[in-house]
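Reading through the structure tokens given below for one structure.
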Amino acid sequence: MKLSSWVLIFLLCNLTFLSSISAFRLSRSQPTERISGSAGDVLEDNPVGRLKVFVYELPSKYNKKILQKDPRCLNHMFAAEIYMQRFLLSSPVRTLNPEEADWFYVPVYTTCDLTPNGLPLPFKSPRMMRSAIQLIASNWPYWNRTEGADHFFVVPHDFGACFHYQEEKAIGRGILPLLQRATLVQTFGQRNHVCLKEGSITVPPYAPPQKMQSHLIPEKTPRSIFVYFRGLFYDVGNDPEGGYYARGARAAVWENFKDNPLFDISTEHPTTYYEDMQRAIFCLCPLGWAPWSPRLVEAVIFGCIPVIIADDIVLPFADAIPWEDIGVFVDEKDVPYLDTILTSIPPEVILRKQRLLANPSMKQAMLFPQPAQPGDAFHQVLNGLARKLPHERSVYLRPGEKLLNWTAGPVADLKPW
């Protein structure tokens, strides 16, 4: 496509559409579009009155003391496990009577063991989780009657309850055997993958709502950047030979488009990162070590059309958010053709995606705000749990029946925590 055609797309987008910003401060005059059909209804569901959740009171070594040791956990992208507990403790769906509960929640902070650089170390997580399950199985009758089939856990690691940040090793580990019957609330989602079990609820990673709100720019600011990305293209420290990190997709972005004037891409992370996303039409959301990243949340909040490069990804709340309508999906093998793919999208299609992204319900569903707000990610998780009710009779075991193998898994996982 000629440069003049690209310029025409910029003009059409910026003259006919007021730049989308987050649901925190949405102008009444801003063009928006309601999500049509059942997805819109699901997104706006109210879970209150549709389920009751019992929150186990575990010793503080499983949650509060871990957080006290390292408060950085409150702000990293895995923090949903912390905020979910806080939300449920004050939620109207909480019941103090376990006999009337539909679901049981086990608050274990398995990602709050951080390196000096702020990255979670998952190596103790399996033992911590096993210890918590052993505790509730010994002190309450509810785990044993279903072996966890009416329990849910938040496991926001890179590869969920496989508890490893490298995919090959995560696949080798598999999901912790004691969690095989439980419902997992996790950021990781990839079709036909051993680390995503049927019935899991895929959620967005945590992105700090107040921080994003503080970086909002005037609504009428034109979107003068065509494609935007900031982040690693290579991970030399963990993938010195290249090709394994991001399955080579990020490297392909850099090698093909580092000199393309339509692509504003760099490894530098400027202080204007959030402002720049609000000036961009497309924001690249490629896989890294895992398929997901906070960029997906940031793109939706700032009205930047997410370009999702992660084959077979399962996206957050896919039954409520029409990802095909708001995003652009590019196969990893097609990264060298990104410029052709994006410049070939008709302006009217771009404008519709922007109108959908401007919908406040869409943005709210991607956030874990404090305090919670109707329609936010907390409520979408509850909606997902409510839609699983009533439990099938097969959930409840016969007296003396056992399905889980308590000694399965790597030997190191069986050591006391």
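For the structure tokens, the naming scheme is as follows: chains receive sequential letters (A, B, ...) according to their order of presentation, residues are indexed from 1 within each chain, and ligands are indexed from 1 in presentation order.
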Exercise. Would you mind listing what lies within 10 Å of A:Gln85 as a ChimeraX atom specification, with only C-alpha atoms counted and same-chain residues fewer than 2 positions away left out?
Key: /A:55,63,80-83,87-91,105-109,154
Would you save the residues of that selection, restricted to N, CA and C atoms, as a PDB file, in the first residue's frame?
ATOM      1  N   VAL A  55     -15.326 -18.526  52.051  1.00  0.00           N
ATOM      2  CA  VAL A  55     -13.894 -18.245  51.996  1.00  0.00           C
ATOM      3  C   VAL A  55     -13.219 -18.927  53.194  1.00  0.00           C
ATOM      4  N   ASN A  63      -0.995 -16.381  53.040  1.00  0.00           N
ATOM      5  CA  ASN A  63      -1.387 -15.174  52.311  1.00  0.00           C
ATOM      6  C   ASN A  63      -0.843 -13.892  52.952  1.00  0.00           C
ATOM      7  N   ALA A  80      -3.878 -10.473  40.983  1.00  0.00           N
ATOM      8  CA  ALA A  80      -5.305 -10.811  41.060  1.00  0.00           C
ATOM      9  C   ALA A  80      -5.594 -11.750  42.216  1.00  0.00           C
ATOM     10  N   GLU A  81      -4.638 -12.620  42.576  1.00  0.00           N
ATOM     11  CA  GLU A  81      -4.873 -13.558  43.673  1.00  0.00           C
ATOM     12  C   GLU A  81      -5.061 -12.818  44.999  1.00  0.00           C
ATOM     13  N   ILE A  82      -4.390 -11.699  45.161  1.00  0.00           N
ATOM     14  CA  ILE A  82      -4.508 -10.914  46.390  1.00  0.00           C
ATOM     15  C   ILE A  82      -5.830 -10.155  46.409  1.00  0.00           C
ATOM     16  N   TYR A  83      -6.123  -9.488  45.317  1.00  0.00           N
ATOM     17  CA  TYR A  83      -7.322  -8.649  45.276  1.00  0.00           C
ATOM     18  C   TYR A  83      -8.602  -9.480  45.238  1.00  0.00           C
ATOM     19  N   PHE A  87     -11.644  -8.804  47.762  1.00  0.00           N
ATOM     20  CA  PHE A  87     -12.990  -8.572  47.224  1.00  0.00           C
ATOM     21  C   PHE A  87     -13.999  -9.518  47.858  1.00  0.00           C
ATOM     22  N   LEU A  88     -13.679 -10.786  47.909  1.00  0.00           N
ATOM     23  CA  LEU A  88     -14.639 -11.772  48.402  1.00  0.00           C
ATOM     24  C   LEU A  88     -14.943 -11.592  49.884  1.00  0.00           C
ATOM     25  N   LEU A  89     -13.981 -11.138  50.659  1.00  0.00           N
ATOM     26  CA  LEU A  89     -14.214 -10.974  52.092  1.00  0.00           C
ATOM     27  C   LEU A  89     -15.306  -9.954  52.387  1.00  0.00           C
ATOM     28  N   SER A  90     -15.497  -8.995  51.480  1.00  0.00           N
ATOM     29  CA  SER A  90     -16.529  -7.970  51.691  1.00  0.00           C
ATOM     30  C   SER A  90     -17.658  -8.051  50.677  1.00  0.00           C
ATOM     31  N   SER A  91     -17.671  -9.097  49.866  1.00  0.00           N
ATOM     32  CA  SER A  91     -18.674  -9.219  48.807  1.00  0.00           C
ATOM     33  C   SER A  91     -19.995  -9.749  49.362  1.00  0.00           C
ATOM     34  N   TYR A 105     -13.656 -21.040  48.301  1.00  0.00           N
ATOM     35  CA  TYR A 105     -12.465 -20.346  47.790  1.00  0.00           C
ATOM     36  C   TYR A 105     -11.302 -20.540  48.759  1.00  0.00           C
ATOM     37  N   VAL A 106     -10.145 -20.906  48.208  1.00  0.00           N
ATOM     38  CA  VAL A 106      -8.945 -21.167  49.009  1.00  0.00           C
ATOM     39  C   VAL A 106      -7.919 -20.067  48.712  1.00  0.00           C
ATOM     40  N   PRO A 107      -7.727 -19.111  49.629  1.00  0.00           N
ATOM     41  CA  PRO A 107      -6.850 -17.958  49.361  1.00  0.00           C
ATOM     42  C   PRO A 107      -5.379 -18.256  49.643  1.00  0.00           C
ATOM     43  N   VAL A 108      -4.665 -18.663  48.611  1.00  0.00           N
ATOM     44  CA  VAL A 108      -3.233 -18.952  48.702  1.00  0.00           C
ATOM     45  C   VAL A 108      -2.500 -18.046  47.716  1.00  0.00           C
ATOM     46  N   TYR A 109      -1.473 -17.333  48.197  1.00  0.00           N
ATOM     47  CA  TYR A 109      -0.723 -16.414  47.335  1.00  0.00           C
ATOM     48  C   TYR A 109       0.506 -17.140  46.787  1.00  0.00           C
ATOM     49  N   VAL A 154      -7.258 -19.197  42.564  1.00  0.00           N
ATOM     50  CA  VAL A 154      -6.687 -18.229  41.635  1.00  0.00           C
ATOM     51  C   VAL A 154      -5.216 -18.593  41.448  1.00  0.00           C
TER      52      VAL A 154
END
Quiz item: Within 7 Å of A:Pro316, counting only C-alpha atoms, which residues qualify if same-chain residues fewer than 4 places away don't, as number ranges by chain?
Solution: A: 202-204
Extract the full set of strand (DSSP E) residues from stretch 48-164 of chain A according to DSSP on the backbone, and format it as a CSV table (one decimal) with all heavy atoms, in the first residue's frame.
chain,number,residue,atom,x,y,z
A,53,VAL,N,-20.5,-18.0,48.2
A,53,VAL,CA,-19.1,-18.4,48.3
A,53,VAL,C,-18.6,-18.4,49.7
A,53,VAL,O,-18.8,-17.4,50.4
A,53,VAL,CB,-18.2,-17.5,47.4
A,53,VAL,CG1,-16.7,-17.9,47.6
A,53,VAL,CG2,-18.6,-17.5,46.0
A,54,PHE,N,-18.0,-19.5,50.1
A,54,PHE,CA,-17.4,-19.6,51.4
A,54,PHE,C,-15.9,-19.4,51.3
A,54,PHE,O,-15.3,-20.1,50.4
A,54,PHE,CB,-17.7,-21.0,52.1
A,54,PHE,CG,-17.0,-21.2,53.4
A,54,PHE,CD1,-17.6,-20.6,54.6
A,54,PHE,CD2,-15.9,-21.9,53.6
A,54,PHE,CE1,-17.0,-20.7,55.8
A,54,PHE,CE2,-15.3,-22.1,54.8
A,54,PHE,CZ,-15.8,-21.5,55.9
A,55,VAL,N,-15.3,-18.5,52.1
A,55,VAL,CA,-13.9,-18.2,52.0
A,55,VAL,C,-13.2,-18.9,53.2
A,55,VAL,O,-13.5,-18.6,54.3
A,55,VAL,CB,-13.6,-16.7,52.0
A,55,VAL,CG1,-12.1,-16.5,52.0
A,55,VAL,CG2,-14.3,-16.0,50.9
A,103,TRP,N,-19.8,-22.5,46.3
A,103,TRP,CA,-18.4,-22.6,45.9
A,103,TRP,C,-17.6,-22.3,47.2
A,103,TRP,O,-18.0,-21.6,48.1
A,103,TRP,CB,-18.0,-21.5,44.9
A,103,TRP,CG,-18.6,-21.9,43.5
A,103,TRP,CD1,-19.7,-21.4,42.9
A,103,TRP,CD2,-18.0,-22.8,42.6
A,103,TRP,NE1,-19.8,-21.9,41.6
A,103,TRP,CE2,-18.8,-22.8,41.4
A,103,TRP,CE3,-16.8,-23.6,42.6
A,103,TRP,CZ2,-18.5,-23.5,40.3
A,103,TRP,CZ3,-16.5,-24.4,41.5
A,103,TRP,CH2,-17.4,-24.3,40.3
A,104,PHE,N,-16.4,-22.9,47.2
A,104,PHE,CA,-15.4,-22.7,48.3
A,104,PHE,C,-14.1,-22.1,47.7
A,104,PHE,O,-13.6,-22.6,46.7
A,104,PHE,CB,-15.1,-24.0,49.0
A,104,PHE,CG,-16.3,-24.6,49.7
A,104,PHE,CD1,-17.3,-25.3,48.9
A,104,PHE,CD2,-16.5,-24.5,51.0
A,104,PHE,CE1,-18.4,-25.9,49.6
A,104,PHE,CE2,-17.6,-25.0,51.7
A,104,PHE,CZ,-18.6,-25.7,50.9
A,105,TYR,N,-13.7,-21.0,48.3
A,105,TYR,CA,-12.5,-20.3,47.8
A,105,TYR,C,-11.3,-20.5,48.8
A,105,TYR,O,-11.5,-20.4,50.0
A,105,TYR,CB,-12.8,-18.9,47.6
A,105,TYR,CG,-11.5,-18.0,47.4
A,105,TYR,CD1,-10.7,-18.2,46.2
A,105,TYR,CD2,-11.2,-17.0,48.3
A,105,TYR,CE1,-9.6,-17.4,46.0
A,105,TYR,CE2,-10.1,-16.2,48.0
A,105,TYR,CZ,-9.3,-16.4,46.9
A,105,TYR,OH,-8.2,-15.7,46.7
A,151,HIS,N,-14.6,-26.3,44.5
A,151,HIS,CA,-13.6,-25.3,45.1
A,151,HIS,C,-13.0,-24.6,43.9
A,151,HIS,O,-12.9,-25.1,42.8
A,151,HIS,CB,-12.5,-26.0,45.8
A,151,HIS,CG,-13.0,-26.5,47.2
A,151,HIS,ND1,-14.1,-27.4,47.3
A,151,HIS,CD2,-12.5,-26.3,48.4
A,151,HIS,CE1,-14.2,-27.7,48.6
A,151,HIS,NE2,-13.3,-27.1,49.3
A,152,PHE,N,-12.6,-23.3,44.1
A,152,PHE,CA,-11.9,-22.6,43.1
A,152,PHE,C,-10.6,-22.0,43.7
A,152,PHE,O,-10.6,-21.6,44.8
A,152,PHE,CB,-12.7,-21.6,42.3
A,152,PHE,CG,-13.2,-20.4,43.1
A,152,PHE,CD1,-12.5,-19.2,42.9
A,152,PHE,CD2,-14.3,-20.4,43.8
A,152,PHE,CE1,-12.9,-18.1,43.6
A,152,PHE,CE2,-14.7,-19.3,44.5
A,152,PHE,CZ,-14.0,-18.1,44.4
A,153,PHE,N,-9.6,-21.9,42.8
A,153,PHE,CA,-8.3,-21.3,43.2
A,153,PHE,C,-7.9,-20.3,42.1
A,153,PHE,O,-8.2,-20.5,40.9
A,153,PHE,CB,-7.2,-22.4,43.2
A,153,PHE,CG,-7.5,-23.5,44.2
A,153,PHE,CD1,-8.4,-24.5,44.0
A,153,PHE,CD2,-6.7,-23.5,45.4
A,153,PHE,CE1,-8.6,-25.5,44.9
A,153,PHE,CE2,-6.9,-24.5,46.3
A,153,PHE,CZ,-7.9,-25.5,46.1
A,154,VAL,N,-7.3,-19.2,42.6
A,154,VAL,CA,-6.7,-18.2,41.6
A,154,VAL,C,-5.2,-18.6,41.4
A,154,VAL,O,-4.4,-18.6,42.4
A,154,VAL,CB,-6.8,-16.8,42.2
A,154,VAL,CG1,-6.2,-15.8,41.2
A,154,VAL,CG2,-8.3,-16.5,42.4
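Proximity of A:Arg398, A:Lys52, A:Lys333, A:Arg173 to A:Phe159, computed with only C-alpha atoms, is greatest for A:Arg173.
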Exercise. Would you please give, as a ChimeraX atom specification, all residues of stretch 83-200 of chain A that DSSP assigns to alpha helix (DSSP H) based on the backbone?
Key: /A:83-89,125-139,142-146,167-173
Quiz item: Hey, which of A:Asn97, A:Gln213, A:Ser125, A:Thr110 ends up closest to A:Lys415? Count only C-alpha atoms.
Solution: A:Ser125
Exercise. Would you kindly return, as an MDAnalysis selection string, each protein, DNA or RNA residue with an atom no farther than 10 Å from any atom of A:Asp413, considering only C-alpha atoms and excluding same-chain residues fewer than 6 positions away?
Key: chainID A and resid 123:130 176 407
Output of the above residues as a PDB file, in the first residue's frame, restricted to N, CA, C and O atoms:
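Dumped to part_3.pdb:
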ATOM      1  N   PHE A 123       8.763 -22.022  42.297  1.00  0.00           N
ATOM      2  CA  PHE A 123       9.254 -23.339  42.684  1.00  0.00           C
ATOM      3  C   PHE A 123       8.689 -23.832  44.010  1.00  0.00           C
ATOM      4  O   PHE A 123       8.605 -25.032  44.239  1.00  0.00           O
ATOM      5  N   LYS A 124       8.300 -22.923  44.902  1.00  0.00           N
ATOM      6  CA  LYS A 124       7.694 -23.333  46.162  1.00  0.00           C
ATOM      7  C   LYS A 124       6.171 -23.468  46.051  1.00  0.00           C
ATOM      8  O   LYS A 124       5.537 -24.018  46.954  1.00  0.00           O
ATOM      9  N   SER A 125       5.614 -22.966  44.980  1.00  0.00           N
ATOM     10  CA  SER A 125       4.157 -22.890  44.854  1.00  0.00           C
ATOM     11  C   SER A 125       3.451 -24.241  44.960  1.00  0.00           C
ATOM     12  O   SER A 125       2.427 -24.350  45.644  1.00  0.00           O
ATOM     13  N   PRO A 126       3.951 -25.296  44.294  1.00  0.00           N
ATOM     14  CA  PRO A 126       3.242 -26.582  44.410  1.00  0.00           C
ATOM     15  C   PRO A 126       3.182 -27.088  45.848  1.00  0.00           C
ATOM     16  O   PRO A 126       2.151 -27.606  46.282  1.00  0.00           O
ATOM     17  N   ARG A 127       4.273 -26.938  46.600  1.00  0.00           N
ATOM     18  CA  ARG A 127       4.274 -27.408  47.984  1.00  0.00           C
ATOM     19  C   ARG A 127       3.347 -26.564  48.849  1.00  0.00           C
ATOM     20  O   ARG A 127       2.661 -27.070  49.738  1.00  0.00           O
ATOM     21  N   MET A 128       3.333 -25.254  48.586  1.00  0.00           N
ATOM     22  CA  MET A 128       2.436 -24.372  49.327  1.00  0.00           C
ATOM     23  C   MET A 128       0.981 -24.751  49.065  1.00  0.00           C
ATOM     24  O   MET A 128       0.167 -24.845  49.995  1.00  0.00           O
ATOM     25  N   MET A 129       0.650 -24.990  47.814  1.00  0.00           N
ATOM     26  CA  MET A 129      -0.722 -25.336  47.459  1.00  0.00           C
ATOM     27  C   MET A 129      -1.114 -26.687  48.052  1.00  0.00           C
ATOM     28  O   MET A 129      -2.218 -26.850  48.592  1.00  0.00           O
ATOM     29  N   ARG A 130      -0.231 -27.665  47.963  1.00  0.00           N
ATOM     30  CA  ARG A 130      -0.508 -28.980  48.558  1.00  0.00           C
ATOM     31  C   ARG A 130      -0.754 -28.851  50.054  1.00  0.00           C
ATOM     32  O   ARG A 130      -1.665 -29.473  50.614  1.00  0.00           O
ATOM     33  N   LEU A 176      -0.908 -29.315  38.812  1.00  0.00           N
ATOM     34  CA  LEU A 176      -0.763 -29.988  40.105  1.00  0.00           C
ATOM     35  C   LEU A 176      -1.877 -31.019  40.263  1.00  0.00           C
ATOM     36  O   LEU A 176      -3.061 -30.682  40.167  1.00  0.00           O
ATOM     37  N   THR A 407      -0.084 -38.762  46.072  1.00  0.00           N
ATOM     38  CA  THR A 407       1.364 -38.935  45.951  1.00  0.00           C
ATOM     39  C   THR A 407       1.845 -38.746  44.518  1.00  0.00           C
ATOM     40  O   THR A 407       3.013 -39.003  44.212  1.00  0.00           O
TER      41      THR A 407
END
Near stretch 251-256 of chain A, 10 Å: stretch 277-385 of chain A residue rows, closest pairs, only C-alpha atoms, as JSON lines:
{"residue": "A:Leu284", "atom": "CA", "partner": "A:Val253", "partner_atom": "CA", "distance": 9.5}
{"residue": "A:Pro286", "atom": "CA", "partner": "A:Val253", "partner_atom": "CA", "distance": 9.3}
{"residue": "A:Glu332", "atom": "CA", "partner": "A:Ala252", "partner_atom": "CA", "distance": 9.0}
{"residue": "A:Lys333", "atom": "CA", "partner": "A:Ala252", "partner_atom": "CA", "distance": 9.1}
{"residue": "A:Asp334", "atom": "CA", "partner": "A:Ala252", "partner_atom": "CA", "distance": 9.4}
{"residue": "A:Val335", "atom": "CA", "partner": "A:Val253", "partner_atom": "CA", "distance": 6.4}
{"residue": "A:Pro336", "atom": "CA", "partner": "A:Asn256", "partner_atom": "CA", "distance": 6.0}
{"residue": "A:Tyr337", "atom": "CA", "partner": "A:Asn256", "partner_atom": "CA", "distance": 8.6}
{"residue": "A:Leu338", "atom": "CA", "partner": "A:Val253", "partner_atom": "CA", "distance": 8.2}
{"residue": "A:Asp339", "atom": "CA", "partner": "A:Asn256", "partner_atom": "CA", "distance": 9.4}
Quiz item: By how many Å are atom CA of A:Glu147 and atom CA of A:Asn405 apart?
Solution: 10.5 Å
Quick one: contact table of stretch 291-397 of chain A to stretch 272-276 of chain A, 10 Å max, nearest atom pair and distance in Å to one decimal per residue, counting only C-alpha atoms, chain and number order, as JSON lines?
{"residue": "A:Glu298", "atom": "CA", "partner": "A:Tyr274", "partner_atom": "CA", "distance": 7.8}
{"residue": "A:Ala299", "atom": "CA", "partner": "A:Tyr274", "partner_atom": "CA", "distance": 9.2}
{"residue": "A:Ile301", "atom": "CA", "partner": "A:Tyr274", "partner_atom": "CA", "distance": 9.9}
{"residue": "A:Phe302", "atom": "CA", "partner": "A:Tyr274", "partner_atom": "CA", "distance": 7.8}
{"residue": "A:Cys304", "atom": "CA", "partner": "A:Asp276", "partner_atom": "CA", "distance": 9.9}
Quiz prompt | For atom CA of A:Ala207 and atom CA of A:Val328, the interatomic separation in Å (one decimal) | solution =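 Separation of atom CA of A:Ala207 and atom CA of A:Val328: 21.4 Å.
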Quiz prompt | atom CA of A:Ile136 to atom CA of A:Tyr56, distance in Å rounded to a single decimal | solution = 7.9 Å
Quiz prompt | Shortest interatomic distance to A:Gln380 - which of A:Asn260, A:Thr111, A:Asn192, A:Asn46, counting only C-alpha atoms | solution =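 For A:Gln380, the nearest of the candidates is A:Asn46.
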